[in-house]
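The structure appears below as structure tokens.
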Amino acid sequence: MKRASGERQFVRWNGHHRAQHLGVVLSFTALVFTGLPLRYPEAAPSRWIMSLLGGATNAGIIHRVAAVGLLAASAYHVLYVLAMWRAGHRQIHMLPGLKDVRDVFDMLRYFAGLQPHPPKMGRYGFPEKFEYWAMVWGTAIMAATGFMMWFPEVFLRYLPAWALAAAQAIHGWEAVLAALAILIWHFYHAHWSPDVFPMSRVWLTGRISESELKHHHALEWERIQAEEVAAGPAAD
Amino acid sequence: MALAALLVCWGADASWSAGDAGGPPRPGGRCLPCHGASPTLEAVGESGATASLHVDPLAYQASVHGALDCEACHWRMSDMGEPRGANGESVDPVWLSRLTTSVPDRARRVLERCAPCHRPEADDYARSIHFDAVSGSGTEAPVCSDCHGAHAILRHDDIESSTSQAKVPATCARCHANARIMARYDVRTDTVKTFEESFHGKKHELGSKRAAVCSSCHGGHDIRPATDPGSRLSPANRIATCAACHPGCTEQFALSFGHKPMTAKEQPLVYWIGVFYRLMIALTIGGMIGYISLDLLRKALSTRGGGGSPPPE
């Protein structure tokens with residue numbers, strides 16, 4: 001959906017949202033490009049990346065810096081959510097509910113031609129909630145196993161030997177799962193879907209057009225309309 | 001026949017010997033005019049087996065021994081009649097006496113050339129599992145030249161050396177990945193593969209100059225099986241071995257690294273983690289691809305119907 005000129009724009013992501021997303025983009029990308037070559041060292045792209053970065057030792061340093069960066073972005077996000085909660089924003093849009101399960105089935109019914117319209121979704125629909133919680137869970141797993149591999153001498157003072165082998169296996173597999181999920185699920189919804197191709201600009205401008213908002217987040221649009229009616233005439 | 005060849009060598013073209021500018025004699029002056037000339041020069045044994053007699057003069061001169069005359073090692077060819085140290089000094093003949101007892105010919109010929117100058121390494125080697133195997137039966141068990149080479153030996157800190165950190169895994173693999181040789185000594189052949197699958201092996205494969213290789217843990221000349229109390233990997237010594245790179249490590253740390261393959265039998269936890277994740281990835285990514293395909297299909301059908309994808313209702 002192209003933005004029609006003069007169409008009303010809504011702020012979907014403020015500066016905090018965009019900063020958190022950018023922090024994840026940069027750190028996640030660096031982690032993937034410095035981590036996966038260690039899992040597949042015999043692959044040709046792994047060698048290109050290593051020669052580009054000046055060797056495996058440099059890649060290891062970048063990987064650790066990026067890991068700290070991802071955790072910093074995560075901490076920023078958690079603190080932001082807590083601050084918003086204290087400021088009175090009690091509606092957590094990312095919380096999954098029964099409606100999301102119904103939406104999945106309604107979407108599949110829509111795909112199958114059994115119902116004429118896709119389900120109406122709120123600020124975040126089930127595709128976004130699924131990805132968000134996969135990211136939360138994945139980051140926790142990667143951080144836990146990653147720190148074990150970063151400081152094995154320390155952790156193995158308290159843990160048995162098999163814990164490190166398990167951590168390595170989990171870290172490597174989870175990395176493949178996370179990279180594929182982002183490449184396929186996130187990139188489809190944010191880049192390759194005909195609805196947003198070549199790219200949704202929310203992560204850059206923070207803005208979304210009224211037609212896009214109505215199309216993808218109908219309940220959010222309705223909520224904003226209701227708020228505006230309650231607050232009096234809109235400024236523009 | 002041998003005598004005739006010898007005479008030819010002694011009278012060989014003096015140009016190599018003296019250098020083109022008539023400078024001091026070059027090492028190998030008596031031998032390289034023939035042995036350095038033709039790459040196809042070879043000896044044919046009584047059994048019909050052949051052995052190359054060629055020595056690459058440039059590779060020899062670039063090697064650690066490039067300043068020595070051939071006779072320094074091939075001292076039986078000289079009029080010394082006994083081995084000499086690098087500076088021509090006489091050498092304690094203990095080594096030669098122990099070699100004459102139980103060591104096969106091939107091993108003896110190599111050891112009697114190297115040991116006189118390289119006594120500390122030779123003494124370490126004499127305690128190694130490799131020397132045990134040589135002394136036992138092993139015509140294929142390694143002596144100096146099997147790992148180091150002969151005429152083109154480089155220092156281990158030269159990346160081209162067969163004993164450099166970069167090349168050690170490949171050098172060891174020549175025998176340790178060879179099922180026929182390993183079967184003779186009842187040694188498993190998957191140790192090379194399990195190294196390649198390990199954190200050390202993957203980092204090494206990526207070109208890391210710090211990644212541990214075979215000799216970092218197992219030792220070089222003094223290599224002993226882990227069951228031997230004197231081994232670097234024995235229960236008494238393994239923490240210190242790991243601590244060379246991992247200061248402050250513990251017993252559990254030392255036990256966390258090894259050559260167990262990632263099979264259900266030998267590493268069940270790692271194996272089942274792999275099974276679990278393969279399943280997870282197949283279901284998750286398969287589900288995503290299925291969802292996206294349906295979405296695209298629905299969009300295509302709706303567009304053909306003339307309306308674009310309809311808004312939700």
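For the structure tokens, the naming scheme is as follows: chains receive sequential letters (A, B, ...) according to their order of presentation, residues are indexed from 1 within each chain, and ligands are indexed from 1 in presentation order.
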Close residues, B:Arg113 itself excluded, 9 Å, only C-alpha atoms, min 6 positions apart in chain, as a list in words:
Ala72, Cys73, His74, Trp75 and Pro83 of chain B
If you keep all heavy atoms, can you produce a file of those selected residues as a CSV table (one decimal), in the first residue's frame?
```
chain,number,residue,atom,x,y,z
B,72,ALA,N,76.2,-33.9,7.4
B,72,ALA,CA,75.9,-33.7,8.8
B,72,ALA,C,74.8,-34.7,9.3
B,72,ALA,O,74.9,-35.2,10.4
B,72,ALA,CB,75.3,-32.3,9.0
B,73,CYS,N,73.9,-35.0,8.4
B,73,CYS,CA,72.9,-36.0,8.8
B,73,CYS,C,73.2,-37.4,8.2
B,73,CYS,O,73.1,-38.4,8.9
B,73,CYS,CB,71.5,-35.6,8.3
B,73,CYS,SG,71.0,-34.0,9.0
B,74,HIS,N,73.6,-37.3,6.9
B,74,HIS,CA,74.0,-38.6,6.3
B,74,HIS,C,75.5,-38.9,6.6
B,74,HIS,O,76.3,-39.0,5.7
B,74,HIS,CB,73.8,-38.5,4.7
B,74,HIS,CG,72.4,-38.2,4.3
B,74,HIS,ND1,71.4,-39.2,4.2
B,74,HIS,CD2,71.7,-37.1,4.1
B,74,HIS,CE1,70.3,-38.7,3.9
B,74,HIS,NE2,70.4,-37.4,3.8
B,75,TRP,N,75.7,-39.0,7.9
B,75,TRP,CA,77.1,-39.1,8.3
B,75,TRP,C,77.8,-40.4,7.9
B,75,TRP,O,79.0,-40.5,7.8
B,75,TRP,CB,77.3,-38.9,9.8
B,75,TRP,CG,76.3,-39.6,10.7
B,75,TRP,CD1,75.1,-39.2,11.1
B,75,TRP,CD2,76.5,-40.9,11.2
B,75,TRP,NE1,74.5,-40.1,11.9
B,75,TRP,CE2,75.4,-41.2,11.9
B,75,TRP,CE3,77.5,-41.9,11.0
B,75,TRP,CZ2,75.2,-42.5,12.5
B,75,TRP,CZ3,77.4,-43.1,11.7
B,75,TRP,CH2,76.2,-43.4,12.4
B,83,PRO,N,78.3,-39.9,14.1
B,83,PRO,CA,77.6,-38.7,14.1
B,83,PRO,C,78.3,-37.6,14.8
B,83,PRO,O,79.0,-37.9,15.8
B,83,PRO,CB,76.2,-39.0,14.7
B,83,PRO,CG,76.6,-40.2,15.6
B,83,PRO,CD,77.6,-40.9,14.9
```
Using only C-alpha atoms, which residues sit within 12 Å of A:Ala143 once same-chain residues fewer than 5 positions away are excluded, as a compact mmCIF listing (two decimals) with all heavy atoms, in the first residue's frame?
```
# COMPACT_ATOMS: atom_id res chain seq x y z
N LEU A 31 25.90 -10.22 15.51
CA LEU A 31 25.99 -11.54 16.16
C LEU A 31 25.85 -12.65 15.13
O LEU A 31 26.60 -13.63 15.17
CB LEU A 31 24.89 -11.66 17.22
CG LEU A 31 25.14 -10.88 18.51
CD1 LEU A 31 23.87 -10.72 19.31
CD2 LEU A 31 26.22 -11.56 19.33
N HIS A 63 31.70 -10.28 18.33
CA HIS A 63 30.55 -11.05 18.79
C HIS A 63 30.22 -10.70 20.25
O HIS A 63 29.05 -10.52 20.60
CB HIS A 63 30.86 -12.54 18.67
CG HIS A 63 29.65 -13.44 18.75
ND1 HIS A 63 28.80 -13.63 17.70
CD2 HIS A 63 29.16 -14.18 19.77
CE1 HIS A 63 27.83 -14.47 18.06
NE2 HIS A 63 28.02 -14.81 19.32
N ARG A 64 31.25 -10.57 21.07
CA ARG A 64 31.02 -10.27 22.49
C ARG A 64 30.52 -8.84 22.67
O ARG A 64 29.63 -8.59 23.50
CB ARG A 64 32.30 -10.52 23.28
CG ARG A 64 32.61 -12.00 23.46
CD ARG A 64 34.09 -12.22 23.81
NE ARG A 64 34.41 -13.60 24.12
CZ ARG A 64 34.62 -14.55 23.22
NH1 ARG A 64 34.52 -14.27 21.90
NH2 ARG A 64 34.91 -15.78 23.58
N ALA A 66 28.82 -7.15 20.48
CA ALA A 66 27.43 -7.13 19.99
C ALA A 66 26.50 -7.79 21.00
O ALA A 66 25.35 -7.36 21.17
CB ALA A 66 27.34 -7.84 18.64
N ALA A 67 26.99 -8.83 21.68
CA ALA A 67 26.15 -9.51 22.69
C ALA A 67 25.81 -8.53 23.81
O ALA A 67 24.65 -8.46 24.25
CB ALA A 67 26.89 -10.72 23.24
N VAL A 68 26.81 -7.78 24.25
CA VAL A 68 26.55 -6.77 25.28
C VAL A 68 25.58 -5.71 24.73
O VAL A 68 24.68 -5.25 25.44
CB VAL A 68 27.87 -6.14 25.75
CG1 VAL A 68 27.62 -4.96 26.66
CG2 VAL A 68 28.74 -7.19 26.45
N GLY A 69 25.75 -5.36 23.45
CA GLY A 69 24.84 -4.39 22.82
C GLY A 69 23.40 -4.87 22.80
O GLY A 69 22.47 -4.11 23.11
N LEU A 70 23.21 -6.15 22.47
CA LEU A 70 21.85 -6.70 22.43
C LEU A 70 21.24 -6.69 23.83
O LEU A 70 20.05 -6.37 24.01
CB LEU A 70 21.87 -8.11 21.86
CG LEU A 70 20.51 -8.82 21.78
CD1 LEU A 70 19.53 -8.03 20.94
CD2 LEU A 70 20.66 -10.22 21.21
N LEU A 71 22.06 -7.04 24.82
CA LEU A 71 21.54 -7.03 26.20
C LEU A 71 21.24 -5.60 26.65
O LEU A 71 20.27 -5.37 27.38
CB LEU A 71 22.54 -7.70 27.15
CG LEU A 71 22.64 -9.21 26.97
CD1 LEU A 71 23.60 -9.81 27.99
CD2 LEU A 71 21.27 -9.86 27.11
N ALA A 72 22.06 -4.64 26.20
CA ALA A 72 21.80 -3.24 26.55
C ALA A 72 20.48 -2.79 25.94
O ALA A 72 19.66 -2.14 26.61
CB ALA A 72 22.95 -2.36 26.07
N SER A 74 18.03 -4.72 25.18
CA SER A 74 16.97 -5.43 25.91
C SER A 74 16.69 -4.75 27.24
O SER A 74 15.52 -4.59 27.64
CB SER A 74 17.39 -6.88 26.16
OG SER A 74 17.72 -7.52 24.94
N MET A 135 11.69 -13.75 20.27
CA MET A 135 12.90 -12.93 20.46
C MET A 135 13.27 -12.87 21.95
O MET A 135 14.45 -13.01 22.31
CB MET A 135 12.61 -11.53 19.92
CG MET A 135 13.75 -10.55 20.02
SD MET A 135 14.89 -10.78 18.65
CE MET A 135 16.32 -9.95 19.32
N VAL A 136 12.27 -12.67 22.81
CA VAL A 136 12.53 -12.61 24.26
C VAL A 136 13.12 -13.93 24.74
O VAL A 136 14.16 -13.97 25.40
CB VAL A 136 11.22 -12.29 25.03
CG1 VAL A 136 11.44 -12.48 26.53
CG2 VAL A 136 10.76 -10.88 24.72
N TRP A 137 12.46 -15.00 24.38
CA TRP A 137 12.89 -16.33 24.79
C TRP A 137 14.27 -16.66 24.21
O TRP A 137 15.17 -17.13 24.91
CB TRP A 137 11.84 -17.35 24.33
CG TRP A 137 12.16 -18.79 24.58
CD1 TRP A 137 12.24 -19.77 23.65
CD2 TRP A 137 12.42 -19.40 25.84
NE1 TRP A 137 12.56 -20.95 24.25
CE2 TRP A 137 12.68 -20.76 25.60
CE3 TRP A 137 12.50 -18.93 27.16
CZ2 TRP A 137 12.99 -21.65 26.60
CZ3 TRP A 137 12.81 -19.83 28.16
CH2 TRP A 137 13.04 -21.17 27.88
N GLY A 138 14.44 -16.36 22.93
CA GLY A 138 15.72 -16.63 22.27
C GLY A 138 16.86 -15.83 22.88
O GLY A 138 17.96 -16.36 23.09
N MET A 148 28.04 -18.66 29.37
CA MET A 148 28.76 -19.88 29.78
C MET A 148 29.96 -20.13 28.88
O MET A 148 31.01 -20.59 29.32
CB MET A 148 27.81 -21.09 29.71
CG MET A 148 26.83 -21.14 30.86
SD MET A 148 25.71 -22.54 30.71
CE MET A 148 26.85 -23.90 30.92
N MET A 149 29.78 -19.82 27.57
CA MET A 149 30.90 -20.05 26.64
C MET A 149 31.93 -18.94 26.71
O MET A 149 33.09 -19.12 26.34
CB MET A 149 30.35 -20.17 25.21
CG MET A 149 29.48 -21.39 25.04
SD MET A 149 28.39 -21.26 23.62
CE MET A 149 29.54 -21.48 22.29
N TRP A 150 31.47 -17.76 27.16
CA TRP A 150 32.40 -16.63 27.30
C TRP A 150 33.32 -16.86 28.51
O TRP A 150 34.52 -16.60 28.46
CB TRP A 150 31.59 -15.33 27.46
CG TRP A 150 32.37 -14.07 27.36
CD1 TRP A 150 33.73 -13.93 27.37
CD2 TRP A 150 31.84 -12.75 27.23
NE1 TRP A 150 34.08 -12.61 27.25
CE2 TRP A 150 32.93 -11.86 27.17
CE3 TRP A 150 30.53 -12.24 27.16
CZ2 TRP A 150 32.76 -10.48 27.05
CZ3 TRP A 150 30.38 -10.86 27.05
CH2 TRP A 150 31.49 -9.99 26.99
N PHE A 151 32.72 -17.35 29.61
CA PHE A 151 33.49 -17.55 30.85
C PHE A 151 33.39 -19.01 31.31
O PHE A 151 32.89 -19.28 32.41
CB PHE A 151 32.97 -16.62 31.95
CG PHE A 151 32.97 -15.17 31.57
CD1 PHE A 151 31.80 -14.51 31.26
CD2 PHE A 151 34.18 -14.46 31.50
CE1 PHE A 151 31.81 -13.16 30.90
CE2 PHE A 151 34.19 -13.12 31.14
CZ PHE A 151 33.00 -12.47 30.84
N ALA A 167 25.47 -26.26 26.51
CA ALA A 167 25.35 -24.83 26.20
C ALA A 167 25.81 -24.56 24.78
O ALA A 167 25.17 -23.81 24.04
CB ALA A 167 26.17 -24.01 27.20
N GLN A 168 26.92 -25.17 24.39
CA GLN A 168 27.43 -24.98 23.02
C GLN A 168 26.41 -25.47 21.99
O GLN A 168 26.15 -24.81 20.98
CB GLN A 168 28.73 -25.74 22.82
CG GLN A 168 29.93 -25.02 23.40
CD GLN A 168 31.22 -25.80 23.14
OE1 GLN A 168 31.29 -26.62 22.26
NE2 GLN A 168 32.23 -25.51 23.94
N ILE A 170 23.13 -25.89 22.36
CA ILE A 170 21.93 -25.05 22.35
C ILE A 170 22.21 -23.72 21.66
O ILE A 170 21.44 -23.25 20.82
CB ILE A 170 21.43 -24.83 23.79
CG1 ILE A 170 20.91 -26.15 24.38
CG2 ILE A 170 20.36 -23.76 23.83
CD1 ILE A 170 20.59 -26.09 25.86
N HIS A 171 23.36 -23.10 22.00
CA HIS A 171 23.70 -21.79 21.43
C HIS A 171 23.76 -21.87 19.90
O HIS A 171 23.24 -21.00 19.20
CB HIS A 171 25.05 -21.33 21.99
CG HIS A 171 25.28 -19.85 21.89
ND1 HIS A 171 24.83 -18.95 22.81
CD2 HIS A 171 25.95 -19.11 20.96
CE1 HIS A 171 25.19 -17.72 22.46
NE2 HIS A 171 25.88 -17.79 21.32
N GLU A 174 20.07 -22.71 18.47
CA GLU A 174 19.16 -21.58 18.66
C GLU A 174 19.53 -20.45 17.69
O GLU A 174 18.66 -19.73 17.19
CB GLU A 174 19.23 -21.11 20.11
CG GLU A 174 18.26 -20.00 20.47
CD GLU A 174 16.80 -20.44 20.55
OE1 GLU A 174 16.56 -21.62 20.85
OE2 GLU A 174 15.92 -19.61 20.30
N ALA A 175 20.84 -20.32 17.42
CA ALA A 175 21.30 -19.28 16.48
C ALA A 175 20.72 -19.53 15.09
O ALA A 175 20.26 -18.60 14.42
CB ALA A 175 22.82 -19.27 16.42
```
Nearest to A:Ala144 among A:Ile49, A:Asp106, A:Ala166, A:Ile92, with distances taken over only C-alpha atoms: which residue is it?
A:Ala166
Once you count only C-alpha atoms, which residues of chain A turn out to be within 8 Å of chain B? Could you give them as a PyMOL selection string?
chain A and resi 37-42+46-47+50+55-57+111-112+117-120+152-154+156-157+159-162+164-166+169-170+173-174+177+180-181+184-185+188+193+214-216+218
Atoms to include: C-alpha atoms. Write the selected residues as a PDB file, in the first residue's frame.
```pdb
ATOM      1  CA  PRO A  37      30.792 -18.768  10.552  1.00  0.00           C
ATOM      2  CA  LEU A  38      31.956 -20.567  13.697  1.00  0.00           C
ATOM      3  CA  ARG A  39      29.118 -23.057  13.264  1.00  0.00           C
ATOM      4  CA  TYR A  40      29.842 -23.566   9.562  1.00  0.00           C
ATOM      5  CA  PRO A  41      33.602 -22.858   9.277  1.00  0.00           C
ATOM      6  CA  GLU A  42      34.053 -24.835   6.063  1.00  0.00           C
ATOM      7  CA  SER A  46      32.414 -17.996   6.454  1.00  0.00           C
ATOM      8  CA  ARG A  47      35.890 -17.538   5.009  1.00  0.00           C
ATOM      9  CA  MET A  50      36.608 -13.920   8.454  1.00  0.00           C
ATOM     10  CA  GLY A  55      40.331 -13.228  11.537  1.00  0.00           C
ATOM     11  CA  ALA A  56      38.466 -15.375  14.021  1.00  0.00           C
ATOM     12  CA  THR A  57      39.844 -13.532  17.041  1.00  0.00           C
ATOM     13  CA  PHE A 111      -6.538 -17.975   3.454  1.00  0.00           C
ATOM     14  CA  ALA A 112      -8.701 -21.001   2.644  1.00  0.00           C
ATOM     15  CA  HIS A 117     -11.956 -10.916   5.465  1.00  0.00           C
ATOM     16  CA  PRO A 118      -8.861 -11.392   7.617  1.00  0.00           C
ATOM     17  CA  PRO A 119      -9.391 -10.917  11.376  1.00  0.00           C
ATOM     18  CA  LYS A 120      -9.114  -7.421  12.827  1.00  0.00           C
ATOM     19  CA  PRO A 152      33.696 -21.355  30.846  1.00  0.00           C
ATOM     20  CA  GLU A 153      36.380 -21.437  33.538  1.00  0.00           C
ATOM     21  CA  VAL A 154      34.078 -19.567  35.931  1.00  0.00           C
ATOM     22  CA  LEU A 156      32.461 -24.864  35.416  1.00  0.00           C
ATOM     23  CA  ARG A 157      33.459 -24.113  38.993  1.00  0.00           C
ATOM     24  CA  LEU A 159      28.391 -26.616  36.938  1.00  0.00           C
ATOM     25  CA  PRO A 160      29.227 -30.135  35.747  1.00  0.00           C
ATOM     26  CA  ALA A 161      31.281 -30.651  32.589  1.00  0.00           C
ATOM     27  CA  TRP A 162      28.312 -31.682  30.424  1.00  0.00           C
ATOM     28  CA  LEU A 164      29.199 -26.569  28.711  1.00  0.00           C
ATOM     29  CA  ALA A 165      28.746 -29.078  25.888  1.00  0.00           C
ATOM     30  CA  ALA A 166      24.973 -28.629  26.209  1.00  0.00           C
ATOM     31  CA  ALA A 169      24.881 -27.213  21.300  1.00  0.00           C
ATOM     32  CA  ILE A 170      21.930 -25.054  22.346  1.00  0.00           C
ATOM     33  CA  TRP A 173      21.077 -24.513  17.194  1.00  0.00           C
ATOM     34  CA  GLU A 174      19.163 -21.578  18.659  1.00  0.00           C
ATOM     35  CA  LEU A 177      16.568 -21.001  14.430  1.00  0.00           C
ATOM     36  CA  LEU A 180      16.078 -18.261   9.902  1.00  0.00           C
ATOM     37  CA  ALA A 181      13.066 -16.883  11.779  1.00  0.00           C
ATOM     38  CA  ILE A 184      11.855 -15.526   6.790  1.00  0.00           C
ATOM     39  CA  TRP A 185       9.173 -14.305   9.198  1.00  0.00           C
ATOM     40  CA  TYR A 188       8.480 -11.172   4.992  1.00  0.00           C
ATOM     41  CA  SER A 193       5.160  -8.819   1.700  1.00  0.00           C
ATOM     42  CA  LYS A 214      -6.708   0.553   9.199  1.00  0.00           C
ATOM     43  CA  HIS A 215      -5.641  -2.343   7.035  1.00  0.00           C
ATOM     44  CA  HIS A 216      -3.200  -4.066   9.378  1.00  0.00           C
ATOM     45  CA  ALA A 218      -7.907  -2.139  12.519  1.00  0.00           C
TER      46      ALA A 218
END
```
Excluding B:His259 and residues on its chain fewer than 2 positions from it, collect all residues at most 8 Å away from it, counting only C-alpha atoms, and give them as JSON, numbers by chain.
{"B": [191, 194, 195, 257, 261]}
Taking N, CA, C and O atoms for each residue, export the selection above as a PDB file, in the first residue's frame.
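Okay, again_19.pdb is ready:
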```pdb
ATOM      1  N   THR B 191      38.923 -39.238  15.746  1.00  0.00           N
ATOM      2  CA  THR B 191      39.439 -38.136  16.558  1.00  0.00           C
ATOM      3  C   THR B 191      39.667 -36.879  15.721  1.00  0.00           C
ATOM      4  O   THR B 191      39.534 -35.770  16.228  1.00  0.00           O
ATOM      5  N   THR B 194      36.115 -35.410  15.261  1.00  0.00           N
ATOM      6  CA  THR B 194      35.589 -34.805  16.495  1.00  0.00           C
ATOM      7  C   THR B 194      36.352 -33.528  16.834  1.00  0.00           C
ATOM      8  O   THR B 194      35.779 -32.598  17.402  1.00  0.00           O
ATOM      9  N   PHE B 195      37.634 -33.481  16.471  1.00  0.00           N
ATOM     10  CA  PHE B 195      38.359 -32.208  16.645  1.00  0.00           C
ATOM     11  C   PHE B 195      37.750 -31.130  15.746  1.00  0.00           C
ATOM     12  O   PHE B 195      37.498 -30.009  16.184  1.00  0.00           O
ATOM     13  N   PHE B 257      35.971 -30.998  27.730  1.00  0.00           N
ATOM     14  CA  PHE B 257      36.465 -31.062  26.359  1.00  0.00           C
ATOM     15  C   PHE B 257      37.047 -32.437  26.091  1.00  0.00           C
ATOM     16  O   PHE B 257      37.759 -32.994  26.909  1.00  0.00           O
ATOM     17  N   PRO B 261      32.292 -38.381  20.079  1.00  0.00           N
ATOM     18  CA  PRO B 261      31.429 -37.970  18.967  1.00  0.00           C
ATOM     19  C   PRO B 261      30.016 -37.655  19.470  1.00  0.00           C
ATOM     20  O   PRO B 261      29.601 -38.132  20.524  1.00  0.00           O
TER      21      PRO B 261
END
```
Going by DSSP on the backbone, which residues of chain A come out as helix (DSSP H, G or I)? List them as a PyMOL selection string.
chain A and resi 15-39+44-53+56-86+98-111+126-150+152-155+161-192+202-205+210-216+218-231
For atom CA of A:Tyr158 and atom CA of B:Lys265, the interatomic separation in Å (one decimal):
25.7 Å
Distance in Å - atom CA of B:Ala212 versus atom CA of B:Gly258
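Atom CA of B:Gly258 lies at a distance of 12.3 Å from atom CA of B:Ala212.
Atom CA of A:Ala190 sits 16.5 Å away from atom CA of A:Met121.
Within 9 Å of A:Gly60, once only C-alpha atoms are used and residues closer than 5 positions along the same chain are dropped, the contacting residues are Thr34, Gly35, Gly55 and Val65 of chain A.
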Contacts of stretch 206-209 of chain A at 7 Å or less, counting only C-alpha atoms, minus same-chain residues fewer than 5 places along, as a PyMOL selection string?
chain A and resi 3+7-14+18
